[in-house]
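> Contents of coords.cif (mmCIF, C-alpha atoms and all ligand atoms) are below:
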```cif
data_run
loop_
_atom_site.label_atom_id
_atom_site.label_comp_id
_atom_site.auth_asym_id
_atom_site.auth_seq_id
_atom_site.Cartn_x
_atom_site.Cartn_y
_atom_site.Cartn_z
CA MET A 2 12.06 -8.00 21.60
CA LEU A 3 9.73 -10.95 21.19
CA SER A 4 10.88 -14.33 19.89
CA ILE A 5 8.78 -16.33 17.46
CA ALA A 6 8.34 -18.94 20.21
CA SER A 7 6.92 -16.33 22.61
CA LEU A 8 4.67 -14.95 19.89
CA ILE A 9 3.34 -18.45 19.15
CA GLU A 10 2.77 -18.96 22.88
CA LEU A 11 0.88 -15.66 23.11
CA LEU A 12 -1.28 -16.62 20.14
CA ALA A 13 -2.11 -19.96 21.71
CA GLN A 14 -4.62 -18.15 24.00
CA PRO A 15 -7.43 -15.89 22.72
CA GLN A 16 -6.12 -12.31 22.72
CA LYS A 17 -7.35 -8.82 21.96
CA ILE A 18 -5.61 -7.99 18.71
CA VAL A 19 -5.49 -4.89 16.52
CA ILE A 20 -4.27 -5.02 12.95
CA THR A 21 -3.40 -1.70 11.37
CA THR A 22 -1.96 -0.56 8.08
CA HIS A 23 -0.86 2.58 6.29
CA HIS A 24 -2.71 5.81 5.50
CA LYS A 25 -4.77 5.64 2.27
CA PRO A 26 -4.65 1.84 2.23
CA ASP A 27 -4.09 0.13 -1.10
CA GLY A 28 -4.95 -3.44 -2.12
CA ASP A 29 -1.95 -4.89 -0.32
CA ALA A 30 -2.63 -2.93 2.87
CA ILE A 31 -6.26 -4.07 3.03
CA GLY A 32 -5.63 -7.55 1.57
CA SER A 33 -2.80 -8.39 3.96
CA SER A 34 -4.72 -6.97 6.95
CA LEU A 35 -7.95 -8.84 6.21
CA GLY A 36 -6.01 -11.97 5.24
CA LEU A 37 -4.36 -11.99 8.66
CA TYR A 38 -7.71 -11.09 10.30
CA ASN A 39 -9.45 -14.07 8.70
CA TYR A 40 -6.64 -16.34 9.89
CA LEU A 41 -6.62 -15.04 13.49
CA ILE A 42 -10.39 -15.14 14.05
CA GLN A 43 -10.34 -18.91 13.44
CA GLN A 44 -8.42 -19.25 16.71
CA GLY A 45 -10.88 -17.35 18.85
CA HIS A 46 -8.97 -14.07 19.03
CA HIS A 47 -10.85 -10.80 19.26
CA VAL A 48 -9.46 -9.01 16.22
CA THR A 49 -10.15 -5.54 14.82
CA VAL A 50 -8.63 -4.05 11.69
CA ILE A 51 -8.13 -0.29 12.02
CA THR A 52 -7.21 1.86 9.02
CA PRO A 53 -5.95 5.43 9.49
CA THR A 54 -8.16 6.69 6.64
CA ASP A 55 -10.76 5.41 4.21
CA TYR A 56 -9.91 3.30 1.17
CA PRO A 57 -11.34 2.51 -2.27
CA THR A 58 -14.78 0.90 -2.36
CA TYR A 59 -13.50 -1.75 -4.82
CA PHE A 60 -11.92 -3.48 -1.81
CA ASN A 61 -15.19 -3.67 0.12
CA TRP A 62 -15.91 -7.20 -1.12
CA MET A 63 -13.13 -8.66 1.00
CA PRO A 64 -14.36 -10.94 3.81
CA GLY A 65 -14.16 -9.06 7.11
CA ASN A 66 -14.41 -5.63 5.49
CA ASP A 67 -17.60 -4.79 7.38
CA GLY A 68 -15.76 -4.89 10.70
CA VAL A 69 -12.94 -2.53 9.67
CA VAL A 70 -12.88 0.64 11.79
CA ILE A 71 -11.63 3.81 10.11
CA TYR A 72 -9.70 6.02 12.52
CA THR A 73 -10.79 9.36 11.05
CA GLU A 74 -14.44 8.31 11.44
CA HIS A 75 -14.18 6.70 14.91
CA PRO A 76 -11.10 8.09 16.69
CA GLU A 77 -12.29 7.31 20.23
CA GLU A 78 -13.25 3.73 19.49
CA CYS A 79 -9.87 3.22 17.79
CA ALA A 80 -8.00 4.73 20.74
CA ALA A 81 -9.80 2.33 23.11
CA LEU A 82 -9.10 -0.68 20.89
CA VAL A 83 -5.40 0.23 20.65
CA SER A 84 -5.04 0.77 24.38
CA GLU A 85 -6.76 -2.55 25.23
CA ALA A 86 -4.88 -4.62 22.64
CA LYS A 87 -2.37 -7.24 23.71
CA ILE A 88 -0.87 -7.45 20.22
CA ILE A 89 -0.85 -4.89 17.42
CA PHE A 90 0.06 -6.16 13.98
CA CYS A 91 1.53 -3.38 11.82
CA LEU A 92 1.14 -4.37 8.20
CA ASP A 93 2.60 -2.88 5.02
CA PHE A 94 4.31 0.05 6.76
CA ASN A 95 7.35 0.44 8.97
CA ALA A 96 7.29 4.02 10.23
CA LEU A 97 4.63 5.31 12.63
CA GLY A 98 4.27 8.53 10.59
CA ARG A 99 2.62 6.41 7.88
CA ILE A 100 -0.44 5.86 10.10
CA ASN A 101 -0.98 9.55 10.97
CA GLU A 102 -2.38 10.28 14.46
CA LEU A 103 -2.80 6.57 15.05
CA GLY A 104 1.01 6.41 15.13
CA GLU A 105 1.19 8.19 18.47
CA LEU A 106 -1.40 5.85 20.01
CA VAL A 107 0.33 2.74 18.68
CA GLY A 108 3.73 4.10 19.76
CA LYS A 109 2.70 4.57 23.37
CA SER A 110 0.56 1.43 23.65
CA ALA A 111 1.85 -1.35 25.90
CA ALA A 112 0.85 -3.99 23.32
CA TYR A 113 3.41 -6.18 21.58
CA LYS A 114 3.96 -4.72 18.14
CA VAL A 115 4.49 -7.13 15.29
CA MET A 116 5.69 -5.58 12.02
CA ILE A 117 5.09 -7.45 8.78
CA ASP A 118 6.39 -5.34 5.92
CA HIS A 119 8.38 -5.07 2.71
CA HIS A 120 9.40 -1.39 2.64
CA LEU A 121 12.94 -0.05 3.03
CA GLU A 122 14.39 1.51 6.19
CA PRO A 123 12.15 0.35 9.04
CA GLU A 124 11.85 2.48 12.14
CA ASP A 125 12.49 0.85 15.47
CA PHE A 126 9.05 0.69 17.14
CA ASP A 127 8.33 -3.04 16.87
CA ASP A 128 8.82 -6.01 19.21
CA TYR A 129 8.81 -8.66 16.50
CA ARG A 130 9.70 -8.10 12.87
CA TYR A 131 8.86 -10.20 9.83
CA TRP A 132 10.37 -7.97 7.17
CA ASN A 133 11.66 -8.67 3.70
CA ILE A 134 12.14 -6.04 1.03
CA GLY A 135 12.39 -8.80 -1.58
CA ALA A 136 8.71 -9.66 -1.12
CA CYS A 137 6.39 -8.33 -3.82
CA ALA A 138 3.64 -7.69 -1.27
CA THR A 139 3.02 -7.74 2.46
CA ALA A 140 0.29 -10.26 1.62
CA GLN A 141 3.04 -12.61 0.41
CA LEU A 142 4.76 -12.21 3.78
CA VAL A 143 1.53 -12.81 5.70
CA TYR A 144 1.19 -16.07 3.77
CA THR A 145 4.74 -17.28 4.55
CA PHE A 146 4.39 -16.04 8.15
CA ILE A 147 1.25 -18.19 8.64
CA VAL A 148 2.62 -21.19 6.75
CA GLU A 149 6.32 -21.23 7.64
CA GLU A 150 6.51 -19.49 11.02
CA LEU A 151 3.14 -20.37 12.58
CA LYS A 152 2.87 -23.70 10.66
CA HIS A 153 -0.82 -23.24 9.99
CA LYS A 154 -1.22 -23.85 6.27
CA GLU A 155 -4.49 -25.66 6.97
CA LEU A 156 -5.95 -22.39 8.30
CA VAL A 157 -5.43 -20.62 4.97
CA ASN A 158 -9.09 -20.94 4.02
CA LYS A 159 -10.99 -19.32 1.15
CA ASP A 160 -11.41 -16.02 3.02
CA VAL A 161 -7.73 -15.77 3.97
CA ALA A 162 -6.65 -16.82 0.47
CA SER A 163 -8.96 -14.35 -1.32
CA CYS A 164 -7.66 -11.36 0.67
CA LEU A 165 -4.01 -12.35 0.31
CA TYR A 166 -4.50 -12.97 -3.40
CA ALA A 167 -5.89 -9.44 -3.80
CA GLY A 168 -2.84 -8.04 -1.97
CA ILE A 169 -0.39 -9.85 -4.22
CA LEU A 170 -2.37 -9.07 -7.37
CA THR A 171 -2.40 -5.33 -6.70
CA ASP A 172 1.11 -4.85 -5.29
CA SER A 173 2.73 -6.84 -8.10
CA ALA A 174 0.71 -4.71 -10.56
CA SER A 175 -1.02 -7.85 -11.85
CA PHE A 176 2.13 -9.98 -11.69
CA HIS A 177 4.26 -7.80 -13.94
CA LEU A 178 6.74 -6.08 -11.60
CA PRO A 179 10.27 -7.53 -11.37
CA ASN A 180 9.69 -8.84 -7.84
CA THR A 181 7.04 -11.26 -9.16
CA THR A 182 9.31 -14.25 -8.62
CA SER A 183 8.62 -17.93 -9.14
CA ALA A 184 8.04 -18.11 -5.36
CA VAL A 185 5.25 -15.53 -5.75
CA HIS A 186 3.63 -17.65 -8.44
CA ARG A 187 3.88 -20.77 -6.24
CA ILE A 188 2.20 -18.92 -3.37
CA THR A 189 -0.43 -17.60 -5.75
CA ALA A 190 -1.09 -21.17 -6.93
CA ASP A 191 -1.49 -22.25 -3.29
CA LEU A 192 -3.97 -19.42 -2.74
CA ILE A 193 -6.03 -20.52 -5.74
CA ASP A 194 -5.95 -24.09 -4.42
CA ALA A 195 -7.15 -22.74 -1.07
CA GLY A 196 -10.20 -21.18 -2.74
CA ALA A 197 -9.20 -17.76 -4.11
CA VAL A 198 -11.06 -17.30 -7.40
CA ASN A 199 -8.39 -15.42 -9.31
CA TRP A 200 -10.44 -14.20 -12.29
CA ARG A 201 -13.29 -13.03 -10.08
CA ILE A 202 -10.95 -11.13 -7.77
CA TYR A 203 -9.37 -9.39 -10.79
CA ASP A 204 -12.83 -8.37 -11.94
CA LEU A 205 -13.85 -7.08 -8.50
CA VAL A 206 -10.72 -4.96 -8.19
CA TYR A 207 -10.12 -3.70 -11.72
CA ASN A 208 -13.48 -3.78 -13.48
CA ASN A 209 -15.46 -2.11 -10.77
CA SER A 210 -15.06 1.65 -11.30
CA PRO A 211 -17.69 4.31 -11.83
CA GLU A 212 -17.99 5.82 -15.31
CA ASN A 213 -16.47 9.10 -14.14
CA ARG A 214 -13.19 7.37 -13.33
CA LEU A 215 -12.79 6.32 -16.96
CA ARG A 216 -13.70 9.82 -18.16
CA PHE A 217 -11.16 11.27 -15.72
CA LEU A 218 -8.53 8.91 -17.14
CA GLY A 219 -9.46 10.29 -20.56
CA LEU A 220 -8.82 13.82 -19.33
CA CYS A 221 -5.44 12.80 -17.89
CA LEU A 222 -4.34 11.06 -21.09
CA SER A 223 -5.53 13.75 -23.47
CA GLU A 224 -4.91 17.00 -21.63
CA ARG A 225 -2.82 16.47 -18.51
CA LEU A 226 0.12 14.50 -19.86
CA GLU A 227 3.44 16.16 -20.59
CA VAL A 228 6.29 14.12 -22.07
CA LEU A 229 9.86 15.33 -21.64
CA TYR A 230 11.77 13.15 -24.09
CA GLU A 231 15.12 14.77 -23.24
CA PHE A 232 14.78 13.16 -19.79
CA ASN A 233 12.70 10.10 -20.75
CA THR A 234 10.18 11.38 -18.24
CA ALA A 235 6.45 11.94 -18.36
CA ILE A 236 4.29 13.96 -15.99
CA PHE A 237 0.58 13.97 -15.33
CA HIS A 238 -0.85 16.78 -13.29
CA VAL A 239 -4.39 17.25 -12.03
CA THR A 240 -5.96 20.20 -10.32
CA LYS A 241 -8.40 20.49 -7.43
CA GLN A 242 -11.02 21.56 -9.96
CA ASP A 243 -10.44 18.38 -12.01
CA LEU A 244 -11.01 16.27 -8.89
CA GLU A 245 -14.24 18.09 -8.14
CA LYS A 246 -15.54 18.08 -11.70
CA TYR A 247 -15.10 14.29 -12.04
CA ASP A 248 -16.12 13.58 -8.42
CA ILE A 249 -12.84 11.74 -7.83
CA GLN A 250 -12.88 9.58 -4.70
CA THR A 251 -10.18 7.74 -2.79
CA GLY A 252 -8.60 5.19 -5.11
CA ASP A 253 -9.89 6.64 -8.38
CA THR A 254 -6.43 7.99 -9.29
CA GLU A 255 -4.73 4.68 -8.51
CA GLY A 256 -2.72 3.24 -11.40
CA ILE A 257 -3.05 6.21 -13.77
CA VAL A 258 0.64 7.07 -13.37
CA ASN A 259 1.55 3.71 -14.94
CA TYR A 260 0.10 4.74 -18.30
CA ALA A 261 3.02 7.15 -18.71
CA LEU A 262 5.49 4.28 -18.39
CA SER A 263 3.81 2.55 -21.32
CA ILE A 264 5.32 5.13 -23.70
CA ALA A 265 8.40 3.60 -25.37
CA GLY A 266 11.58 4.87 -23.75
CA ILE A 267 9.93 6.54 -20.76
CA LYS A 268 11.71 5.59 -17.55
CA LEU A 269 10.26 7.96 -14.99
CA ALA A 270 6.63 8.92 -14.52
CA ALA A 271 5.10 11.39 -12.10
CA PHE A 272 1.48 11.90 -11.16
CA ILE A 273 1.15 15.25 -9.43
CA ILE A 274 -2.17 15.94 -7.83
CA GLU A 275 -3.45 19.06 -6.13
CA ARG A 276 -5.39 17.90 -3.10
CA LYS A 277 -7.34 20.15 -0.71
CA ASP A 278 -4.48 20.70 1.72
CA LYS A 279 -1.32 19.76 -0.18
CA VAL A 280 0.18 18.59 -3.42
CA LYS A 281 0.79 14.83 -3.59
CA LEU A 282 3.27 13.16 -5.91
CA SER A 283 3.36 9.56 -7.06
CA LEU A 284 6.48 8.45 -8.89
CA ARG A 285 7.03 5.25 -10.84
CA SER A 286 10.28 4.33 -12.54
CA LYS A 287 11.94 1.60 -14.51
CA GLY A 288 15.32 -0.01 -13.88
CA ASP A 289 17.88 1.94 -11.88
CA ILE A 290 16.01 5.24 -11.48
CA PRO A 291 15.55 5.65 -7.70
CA ALA A 292 11.99 6.95 -7.32
CA ASN A 293 12.20 6.62 -3.53
CA ALA A 294 15.43 8.65 -3.26
CA ILE A 295 13.85 11.47 -5.31
CA CYS A 296 10.78 11.49 -3.05
CA ARG A 297 12.87 11.36 0.10
CA LYS A 298 15.26 14.12 -0.96
CA TYR A 299 12.77 16.58 -2.44
CA PHE A 300 9.21 15.71 -1.46
CA ASN A 301 9.09 14.59 2.20
CA GLY A 302 8.36 11.04 1.14
CA GLY A 303 9.84 7.69 0.24
CA GLY A 304 8.72 4.22 -0.73
CA HIS A 305 10.02 1.46 -2.93
CA PHE A 306 12.88 1.89 -5.40
CA ASN A 307 10.55 1.97 -8.44
CA ALA A 308 7.30 3.14 -6.79
CA ALA A 309 7.35 5.98 -4.33
CA GLY A 310 5.40 8.97 -3.17
CA GLY A 311 5.69 12.25 -1.36
CA HIS A 312 4.00 15.58 -0.86
CA SER A 313 4.63 19.30 -0.74
CA GLU A 314 3.01 22.34 0.83
CA ASP A 315 3.91 24.40 -2.26
CA SER A 316 1.52 25.26 -5.12
CA LEU A 317 0.82 22.78 -7.91
CA GLU A 318 2.68 24.93 -10.43
CA ASN A 319 5.75 25.20 -8.21
CA VAL A 320 5.83 21.48 -7.51
CA ILE A 321 5.65 20.69 -11.24
CA ASN A 322 8.51 23.12 -11.88
CA GLN A 323 10.53 21.80 -8.97
CA PHE A 324 10.13 18.28 -10.30
CA LYS A 325 11.34 19.37 -13.74
CA GLN A 326 14.34 21.14 -12.21
CA ILE A 327 15.40 17.95 -10.44
CA LEU A 328 15.59 15.95 -13.67
CA PRO A 329 19.08 17.12 -14.82
CA GLU A 330 20.50 15.58 -11.62
CA TYR A 331 19.28 12.16 -12.82
CA LYS A 332 19.89 12.74 -16.54
CA LYS A 333 22.72 10.20 -16.82
CA LEU A 334 20.50 7.44 -15.48
CA LEU A 335 17.46 8.62 -17.41
CA ILE A 336 19.00 8.73 -20.87
CA LYS A 337 21.42 5.84 -20.74
P1 LIG B 401 1.59 5.90 -4.23
O1 LIG B 401 2.31 6.57 -5.32
O2 LIG B 401 0.79 4.75 -4.71
O3 LIG B 401 0.88 6.83 -3.32
O4 LIG B 401 2.73 5.26 -3.32
C1 LIG B 401 3.65 4.34 -3.81
C2 LIG B 401 4.51 3.85 -2.68
O5 LIG B 401 5.26 4.95 -2.18
C3 LIG B 401 3.70 3.35 -1.50
O6 LIG B 401 3.66 1.96 -1.51
C4 LIG B 401 4.45 3.83 -0.30
O7 LIG B 401 5.40 2.85 0.03
C5 LIG B 401 5.25 4.99 -0.78
N1 LIG B 401 4.77 6.31 -0.37
C6 LIG B 401 3.76 7.03 -0.90
N2 LIG B 401 3.63 8.21 -0.29
C7 LIG B 401 4.59 8.24 0.67
C8 LIG B 401 4.97 9.20 1.65
O8 LIG B 401 4.41 10.30 1.75
N3 LIG B 401 6.00 8.84 2.47
C9 LIG B 401 6.65 7.65 2.37
N4 LIG B 401 7.65 7.37 3.19
N5 LIG B 401 6.31 6.74 1.45
C10 LIG B 401 5.31 7.02 0.62
MN MN B 402 2.67 -3.34 -0.04
#
```
In structure tokens, what does this structure look like?

Amino acid sequence: MLSIASLIELLAQPQKIVITTHHKPDGDAIGSSLGLYNYLIQQGHHVTVITPTDYPTYFNWMPGNDGVVIYTEHPEECAALVSEAKIIFCLDFNALGRINELGELVGKSAAYKVMIDHHLEPEDFDDYRYWNIGACATAQLVYTFIVEELKHKELVNKDVASCLYAGILTDSASFHLPNTTSAVHRITADLIDAGAVNWRIYDLVYNNSPENRLRFLGLCLSERLEVLYEFNTAIFHVTKQDLEKYDIQTGDTEGIVNYALSIAGIKLAAFIIERKDKVKLSLRSKGDIPANAICRKYFNGGGHFNAAGGHSEDSLENVINQFKQILPEYKKLLIK
């Protein structure tokens, strides 16, 4: 275990540092990683952000993005960076399985591992942990880590602030999820004061899709939505052929599941997608419906209470049916 004092002492000298985050990084994964990156480089550290897989192009505007190394594209370079690192920051995940093959490399590396995360049930692979499931985003935790633990508020410059703002914006679903506390708004205000241009960042993230993404959304809403009012549940499903026809890329399906929760009374929404090698599920819920417990119990996954995911090796049709068969177990919660 590493104390905060020892970590501060380590960071007082230039170090080789790797920052990594979860598979299929979202706005918080990339925003928190590049936010921390832009903070650390100001102190002369040699820092590389490594992602296990690629991520949506609407995050490419973030300062530092050009230096990100994607493991699937450069496995040997990543292995060398991990083995040479003195410190590895693990952001927005807490189980090595979430970073795919990179997990094995990080697990056996001699580097100090610093976990900054807001997911439930952390595994025990870290040397220092800054973990709070009450945080709306890992980017929020990176901010309080820099300001309150490392006492470096003056180093939260425009680049740091812009990345962290994007993380909070996306993980709080544009400041509407219940964990968007007054503290989150105060931090957000600090980030704007530090140079984050809030309206421009919103535009870069949300108004930056190709036409086909909107047409694909149209398909989902008109032909792929099934509403089961007896369980206050709605399901979207998309096939491999749909993905091909609309040339759907990483990130293009992000957020579509939330449209189902906009139907009055709907408390549980599933987006079930037939990928090349497996069927992936995204669940979103309202109130006391445990999306993560459903994913953990039935779909090899997990996540947050109201936003979780999982996958299955079964066919799309079977996964849809399996999901429907689970609903009676949660009926009391769903219809109350
Ligand atoms: P999404 O539905 O956007 O893919 O994922 C929502 C949340 O569920 C993510 O923030 C992540 O915490 C979690 N999640 C998604 N897929 C998995 C998975 O396969 N395993 C685990 N443990 N969590 C997942
Ligand atoms: Mn997050």
> Report the distance between CA of Asp67 (chain A) and CA of Asp29 (chain A) in Å, rounded to one decimal place.
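Those two atoms sit 17.4 Å apart.
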> Around ligand LIG 401 (chain B), out to 7 Å and counting all atoms listed in the file, which residues are there? I want them as a ChimeraX atom specification.
/A:99,120,255,282-284,301-305,308-312
> What are the closest atom pairs, with distances in Å to one decimal, for each residue of chain A lying within 7 Å of ligand MN 402 (chain B), using all atoms listed in the file, rows by chain and rising residue number, as JSON lines?

```
{"residue": "A:Asp29", "atom": "CA", "partner": "B:MN402", "partner_atom": "MN", "distance": 4.9}
{"residue": "A:Ala30", "atom": "CA", "partner": "B:MN402", "partner_atom": "MN", "distance": 6.1}
{"residue": "A:Asp93", "atom": "CA", "partner": "B:MN402", "partner_atom": "MN", "distance": 5.1}
{"residue": "A:His119", "atom": "CA", "partner": "B:MN402", "partner_atom": "MN", "distance": 6.6}
{"residue": "A:Ala138", "atom": "CA", "partner": "B:MN402", "partner_atom": "MN", "distance": 4.6}
{"residue": "A:Thr139", "atom": "CA", "partner": "B:MN402", "partner_atom": "MN", "distance": 5.1}
{"residue": "A:Asp172", "atom": "CA", "partner": "B:MN402", "partner_atom": "MN", "distance": 5.7}
```
> So which one's closest to Trp62 (chain A), A:Leu151, A:Glu77, A:Lys87, A:Arg201? Using all atoms listed in the file, please.
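Between A:Leu151, A:Glu77, A:Lys87, A:Arg201, the residue approaching Trp62 (chain A) most closely is A:Arg201.
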> Find, counting only C-alpha atoms, the residue in A:Ala112, A:Val157, A:Leu170, A:Val143 that gets nearest to Ala86 (chain A).
A:Ala112
> Could you state the separation of CA of Ala292 (chain A) and CA of Cys221 (chain A) in Å, given to one decimal place?
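Those two atoms sit 21.2 Å apart.
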> Using only C-alpha atoms, which residue out of A:Asp125, A:Asp253, A:Glu102, A:Glu150 lies closest to Ile9 (chain A)?
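The answer is A:Glu150, which sits nearest to Ile9 (chain A).
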> Hey, which of A:Thr234, A:Ser210, A:Gln242, A:Ser7 ends up closest to Leu328 (chain A)? Count all atoms listed in the file.
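Looking at the shortest contact to Leu328 (chain A), the residue is A:Thr234.
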> Give me the residues near Phe272 (chain A) as a PyMOL selection string, where near means some atom within 12 Å (using only C-alpha atoms) and where sequence neighbours in that chain fewer than 4 positions away do not count.
chain A and resi 221-222+225-227+234-240+254-262+280-286+308-312+317+320-321+324
> If you measure from CA of Cys137 (chain A) to CA of Thr181 (chain A), what distance in Å do you get, rounded to one decimal?
6.1 Å
> So which residues touch Tyr247 (chain A) within 9 Å, counting all atoms listed in the file, skipping near sequence neighbours fewer than 6 positions away, as a list in words?
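That gives Asn213, Arg214, Arg216 and Phe217 of chain A.
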> Return the single residue from A:Leu142, A:Ala96, A:Leu82, A:Leu165 that is closest to Ile31 (chain A), with distances computed using all atoms listed in the file.
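Comparing A:Leu142, A:Ala96, A:Leu82, A:Leu165 against Ile31 (chain A), the winner is A:Leu165.
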> For Val161 (chain A), which residue among A:Trp200, A:Phe300, A:Tyr38, A:Tyr207 is the nearest when counting only C-alpha atoms?
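Smallest distance to Val161 (chain A) is found for A:Tyr38.
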> Take the point (-7.2, -23.6, -1.0) as written in the file and pick out every residue within 10 Å of it, counting only C-alpha atoms; give the list as a tab-separated table (two decimals) with C-alpha atoms, in the frame of the given file.

```tsv
chain	number	residue	atom	x	y	z
A	154	LYS	CA	-1.22	-23.85	6.27
A	155	GLU	CA	-4.49	-25.66	6.97
A	156	LEU	CA	-5.95	-22.39	8.30
A	157	VAL	CA	-5.43	-20.62	4.97
A	158	ASN	CA	-9.09	-20.94	4.02
A	159	LYS	CA	-10.99	-19.32	1.15
A	160	ASP	CA	-11.41	-16.02	3.02
A	161	VAL	CA	-7.73	-15.77	3.97
A	162	ALA	CA	-6.65	-16.82	0.47
A	163	SER	CA	-8.96	-14.35	-1.32
A	190	ALA	CA	-1.09	-21.17	-6.93
A	191	ASP	CA	-1.49	-22.25	-3.29
A	192	LEU	CA	-3.97	-19.42	-2.74
A	193	ILE	CA	-6.03	-20.52	-5.74
A	194	ASP	CA	-5.95	-24.09	-4.42
A	195	ALA	CA	-7.15	-22.74	-1.07
A	196	GLY	CA	-10.20	-21.18	-2.74
A	197	ALA	CA	-9.20	-17.76	-4.11
A	198	VAL	CA	-11.06	-17.30	-7.40
```
